[in-house]
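Enquirer: Got a structure here, written out as structure tokens. Questions coming.
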Amino acid sequence: MNPRSLRRRTTAALAALAACAALIATQAQAQAAPVADALTPATRFYVDPHSKAAQQALTDLGNGDFANALNMARLASWPQADWFTEGTPAEVRTKVRSLVREARLVNRTPVLVAYNVPGRDCTQYSSGGAASSAAYRQWIDAFAAGIGDSKAVVVVEPDGLALLPSDCGPGVDPTGELTATRVADLAYAVRTIKAKARTAVYLDAGNVLWRPVGDMARRLLDAGVQDSDGFALNVSNTHPTDHNARYGSWIAKCMWFATEGPEHARGHTDWCATQYYSPAAPNDGAPGNAVDSADPATWRWTDAWFDQNVGTPPNDALHHFVIDTSRNGLGAWTPEPGKYTGDPEIWCNAPGRGLGARPTADTGVPLVDAYLWVKIPGESDGSCTRNTGGTIDPEYGIVDPPAGTWWPDQAHSLARNAAPRLTFNR
């Protein structure tokens, strides 16, 4: 190895090691000036100095993998959410209290995810949750108690509203009782956590290519979004930030239209144009004259409906939202045409993706309160099979790690493909 190459590798190794060690020091030097309790553009989020990315940086460094070590150190310098997915009420209270105290010491705001609703994920890759509604509510009480009077941002139950029991398949909820209980449980979680005065709460609402605008607006209203700070989009998904921002603005306007808009529209979220259809379009069969969810250029027809029927309510009259940008830097994955005969599970460990916009509460977009890394970059979505009938993920040639398991190769790929390019958090 020539001296110049050795110097470059040594410099990279030292930078990676220094970055990991500096994570604690960086936060210890946090400004002492008080920050407003609400989520504002000035909010700075908590970075866990002992994150999996930080540990991976040291592992890579020890293996002599200097390029990945440096990238993992960069990744570790950015704030990511902490997920709470199980445990007794006493256990979750203790863990939440520990996190918010650590964040409080360095005057930062932690991002937490409550993910324990009964029957979550329709018994798929991330199945689990509390044993009953009563057990869940006790768990939520303890979760909120752990936050206490500390600052926090909480995302409530990813997929919990977009994937109700009634959506899980024929025969799962024939009477509708499970779905009604789910909606009531989510409303309880929102009210209970939001009762903590310094906590911002966002109820998960799926993503831009899932539920139609009016359907999601109705679900949010039924589940008590009016008691929260708004809703969350794109959690654990890869759809572009601007697409989700557009979708979120439609949902916000649709909720306003059906609750505060014209008297004749009260209760009619079903009248709202969507990412799939707009009454404002000619819908005459000519190319571009109907809304195509796969072609954002046609979404102008959805915009046109909202312009004609909703107008421009003031931003403070509309529900705001946050967007998960942890894996959407390169947008959604599209498999080769004809490669899969069944559902290719484009959301599940999508290959070749990259980190997206860095976490910040200063988005510059009126209704978007923050870009967050809600899904922890590098954690698996589950053992995806692309509905091939086997156990191997054909995109990787292996059995993917179980949901929530740290996957170094995926973390390395997300960091390498980051858009914009990954740098240290200053």
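FYI, nothing fancy with the structure tokens labels: chains A, B, ... in order, residues from 1 per chain, ligands from 1 as they appear.
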Set the distance at 6 Å and use only C-alpha atoms: which residues neighbour range 138-154 of chain A once local chain neighbours fewer than 3 positions away are removed? I'd like the list as a list in words.
Expert: Pro89, Val92, Arg93, Val96, Arg97, Thr109, Pro110, Val111, Leu112, Val113, Ala135, Ile193, Arg198, Thr199, Ala200 and Val201 of chain A
Enquirer: Mind writing the picked residues with N, CA, C and O atoms as a PDB file, in the first residue's frame?
Expert:
```pdb
ATOM      1  N   PRO A  89     -46.526  -2.282  31.431  1.00  0.00           N
ATOM      2  CA  PRO A  89     -46.639  -0.844  31.677  1.00  0.00           C
ATOM      3  C   PRO A  89     -45.456  -0.295  32.476  1.00  0.00           C
ATOM      4  O   PRO A  89     -44.943   0.780  32.160  1.00  0.00           O
ATOM      5  N   VAL A  92     -42.364  -0.025  30.095  1.00  0.00           N
ATOM      6  CA  VAL A  92     -42.388   1.048  29.120  1.00  0.00           C
ATOM      7  C   VAL A  92     -42.286   2.404  29.801  1.00  0.00           C
ATOM      8  O   VAL A  92     -41.637   3.324  29.285  1.00  0.00           O
ATOM      9  N   ARG A  93     -42.890   2.554  30.969  1.00  0.00           N
ATOM     10  CA  ARG A  93     -42.770   3.820  31.701  1.00  0.00           C
ATOM     11  C   ARG A  93     -41.306   4.106  32.027  1.00  0.00           C
ATOM     12  O   ARG A  93     -40.822   5.237  31.838  1.00  0.00           O
ATOM     13  N   VAL A  96     -39.312   4.930  28.679  1.00  0.00           N
ATOM     14  CA  VAL A  96     -39.646   6.248  28.149  1.00  0.00           C
ATOM     15  C   VAL A  96     -39.065   7.338  29.044  1.00  0.00           C
ATOM     16  O   VAL A  96     -38.478   8.311  28.558  1.00  0.00           O
ATOM     17  N   ARG A  97     -39.200   7.174  30.349  1.00  0.00           N
ATOM     18  CA  ARG A  97     -38.672   8.173  31.275  1.00  0.00           C
ATOM     19  C   ARG A  97     -37.162   8.323  31.112  1.00  0.00           C
ATOM     20  O   ARG A  97     -36.628   9.435  31.123  1.00  0.00           O
ATOM     21  N   THR A 109     -35.139  17.481  21.910  1.00  0.00           N
ATOM     22  CA  THR A 109     -36.473  16.889  21.905  1.00  0.00           C
ATOM     23  C   THR A 109     -36.403  15.495  21.281  1.00  0.00           C
ATOM     24  O   THR A 109     -36.040  15.364  20.111  1.00  0.00           O
ATOM     25  N   PRO A 110     -36.759  14.447  22.022  1.00  0.00           N
ATOM     26  CA  PRO A 110     -36.715  13.106  21.457  1.00  0.00           C
ATOM     27  C   PRO A 110     -37.959  12.828  20.613  1.00  0.00           C
ATOM     28  O   PRO A 110     -39.023  13.401  20.838  1.00  0.00           O
ATOM     29  N   VAL A 111     -37.801  11.935  19.643  1.00  0.00           N
ATOM     30  CA  VAL A 111     -38.924  11.456  18.832  1.00  0.00           C
ATOM     31  C   VAL A 111     -39.197  10.018  19.239  1.00  0.00           C
ATOM     32  O   VAL A 111     -38.309   9.164  19.186  1.00  0.00           O
ATOM     33  N   LEU A 112     -40.431   9.751  19.675  1.00  0.00           N
ATOM     34  CA  LEU A 112     -40.821   8.427  20.140  1.00  0.00           C
ATOM     35  C   LEU A 112     -41.923   7.873  19.242  1.00  0.00           C
ATOM     36  O   LEU A 112     -42.732   8.636  18.701  1.00  0.00           O
ATOM     37  N   VAL A 113     -41.968   6.555  19.120  1.00  0.00           N
ATOM     38  CA  VAL A 113     -43.027   5.892  18.378  1.00  0.00           C
ATOM     39  C   VAL A 113     -43.725   4.918  19.314  1.00  0.00           C
ATOM     40  O   VAL A 113     -43.081   4.040  19.901  1.00  0.00           O
ATOM     41  N   ALA A 135     -55.399  -3.848  28.117  1.00  0.00           N
ATOM     42  CA  ALA A 135     -53.947  -3.909  28.338  1.00  0.00           C
ATOM     43  C   ALA A 135     -53.247  -2.784  27.581  1.00  0.00           C
ATOM     44  O   ALA A 135     -52.290  -2.178  28.078  1.00  0.00           O
ATOM     45  N   ILE A 193     -51.694  10.841  25.483  1.00  0.00           N
ATOM     46  CA  ILE A 193     -50.328  11.339  25.297  1.00  0.00           C
ATOM     47  C   ILE A 193     -50.325  12.856  25.127  1.00  0.00           C
ATOM     48  O   ILE A 193     -49.463  13.560  25.659  1.00  0.00           O
ATOM     49  N   ARG A 198     -46.125  19.276  27.118  1.00  0.00           N
ATOM     50  CA  ARG A 198     -44.983  19.615  26.272  1.00  0.00           C
ATOM     51  C   ARG A 198     -44.736  18.552  25.197  1.00  0.00           C
ATOM     52  O   ARG A 198     -43.627  18.435  24.669  1.00  0.00           O
ATOM     53  N   THR A 199     -45.787  17.827  24.862  1.00  0.00           N
ATOM     54  CA  THR A 199     -45.659  16.748  23.891  1.00  0.00           C
ATOM     55  C   THR A 199     -46.453  17.064  22.632  1.00  0.00           C
ATOM     56  O   THR A 199     -47.618  17.444  22.697  1.00  0.00           O
ATOM     57  N   ALA A 200     -45.814  16.890  21.477  1.00  0.00           N
ATOM     58  CA  ALA A 200     -46.479  17.009  20.184  1.00  0.00           C
ATOM     59  C   ALA A 200     -46.817  15.599  19.711  1.00  0.00           C
ATOM     60  O   ALA A 200     -45.969  14.706  19.742  1.00  0.00           O
ATOM     61  N   VAL A 201     -48.053  15.399  19.276  1.00  0.00           N
ATOM     62  CA  VAL A 201     -48.546  14.063  18.935  1.00  0.00           C
ATOM     63  C   VAL A 201     -49.038  14.042  17.488  1.00  0.00           C
ATOM     64  O   VAL A 201     -49.832  14.897  17.077  1.00  0.00           O
TER      65      VAL A 201
END
```
Enquirer: Give me the residues near range 411-417 of chain A as a PyMOL selection string, where near means some atom within 6 Å (using only C-alpha atoms) and where sequence neighbours in that chain fewer than 3 positions away do not count.
Expert: chain A and resi 353-355+377-378+408
Enquirer: Print the selection's residues with C-alpha atoms to a file, as an mmCIF file, in the first residue's frame.
Expert:
```cif
data_model
loop_
_atom_site.group_PDB
_atom_site.id
_atom_site.type_symbol
_atom_site.label_atom_id
_atom_site.label_comp_id
_atom_site.auth_asym_id
_atom_site.auth_seq_id
_atom_site.Cartn_x
_atom_site.Cartn_y
_atom_site.Cartn_z
ATOM 1 C CA ARG A 353 -32.830 3.008 -1.664
ATOM 2 C CA GLY A 354 -31.122 5.931 0.051
ATOM 3 C CA LEU A 355 -31.539 8.198 3.034
ATOM 4 C CA PRO A 377 -32.311 3.382 8.818
ATOM 5 C CA GLY A 378 -30.748 -0.067 8.736
ATOM 6 C CA PRO A 408 -25.625 -3.739 8.383
#
```
Enquirer: What lies within 8 Å of range 241-248 of chain A using only C-alpha atoms, ignoring chain neighbours under 6 positions off, as a PyMOL selection string?
Expert: chain A and resi 207-208+213+233-234+275+296+321+323+325+328+368
Enquirer: Would you save the residues from that selection as a PDB file, in the first residue's frame, using C-alpha atoms?
Expert:
```
ATOM      1  CA  ASN A 207     -48.628   7.144   2.758  1.00  0.00           C
ATOM      2  CA  VAL A 208     -49.486   8.777  -0.541  1.00  0.00           C
ATOM      3  CA  VAL A 213     -57.662  11.134   0.537  1.00  0.00           C
ATOM      4  CA  LEU A 233     -46.965  10.171   6.635  1.00  0.00           C
ATOM      5  CA  ASN A 234     -44.606   7.746   4.876  1.00  0.00           C
ATOM      6  CA  GLN A 275     -54.725  10.730  -5.706  1.00  0.00           C
ATOM      7  CA  PRO A 296     -48.045  13.124 -10.432  1.00  0.00           C
ATOM      8  CA  PHE A 321     -48.233  16.743   9.522  1.00  0.00           C
ATOM      9  CA  ILE A 323     -43.060  13.099   6.942  1.00  0.00           C
ATOM     10  CA  THR A 325     -37.726  10.740   5.066  1.00  0.00           C
ATOM     11  CA  ASN A 328     -36.955   8.017   0.403  1.00  0.00           C
ATOM     12  CA  VAL A 368     -45.149  20.184   7.235  1.00  0.00           C
TER      13      VAL A 368
END
```
Enquirer: Give me the residues near range 339-349 of chain A as a list in words, where near means some atom within 8 Å (using only C-alpha atoms) and where sequence neighbours in that chain fewer than 5 positions away do not count.
Expert: Ser236, Asn237, Thr238, Ala332, Trp333, Thr334, Ser380, Asp381, Gly382, Cys384, Arg386, Asn387 and Thr388 of chain A
Enquirer: According to DSSP computed on the backbone, where in range 104-265 of chain A is there helix (DSSP H, G or I)? Give the residues as a PyMOL selection string.
Expert: chain A and resi 104-105+121-123+133-147+165-167+177-194+213-222+225-227+241-259+263-265
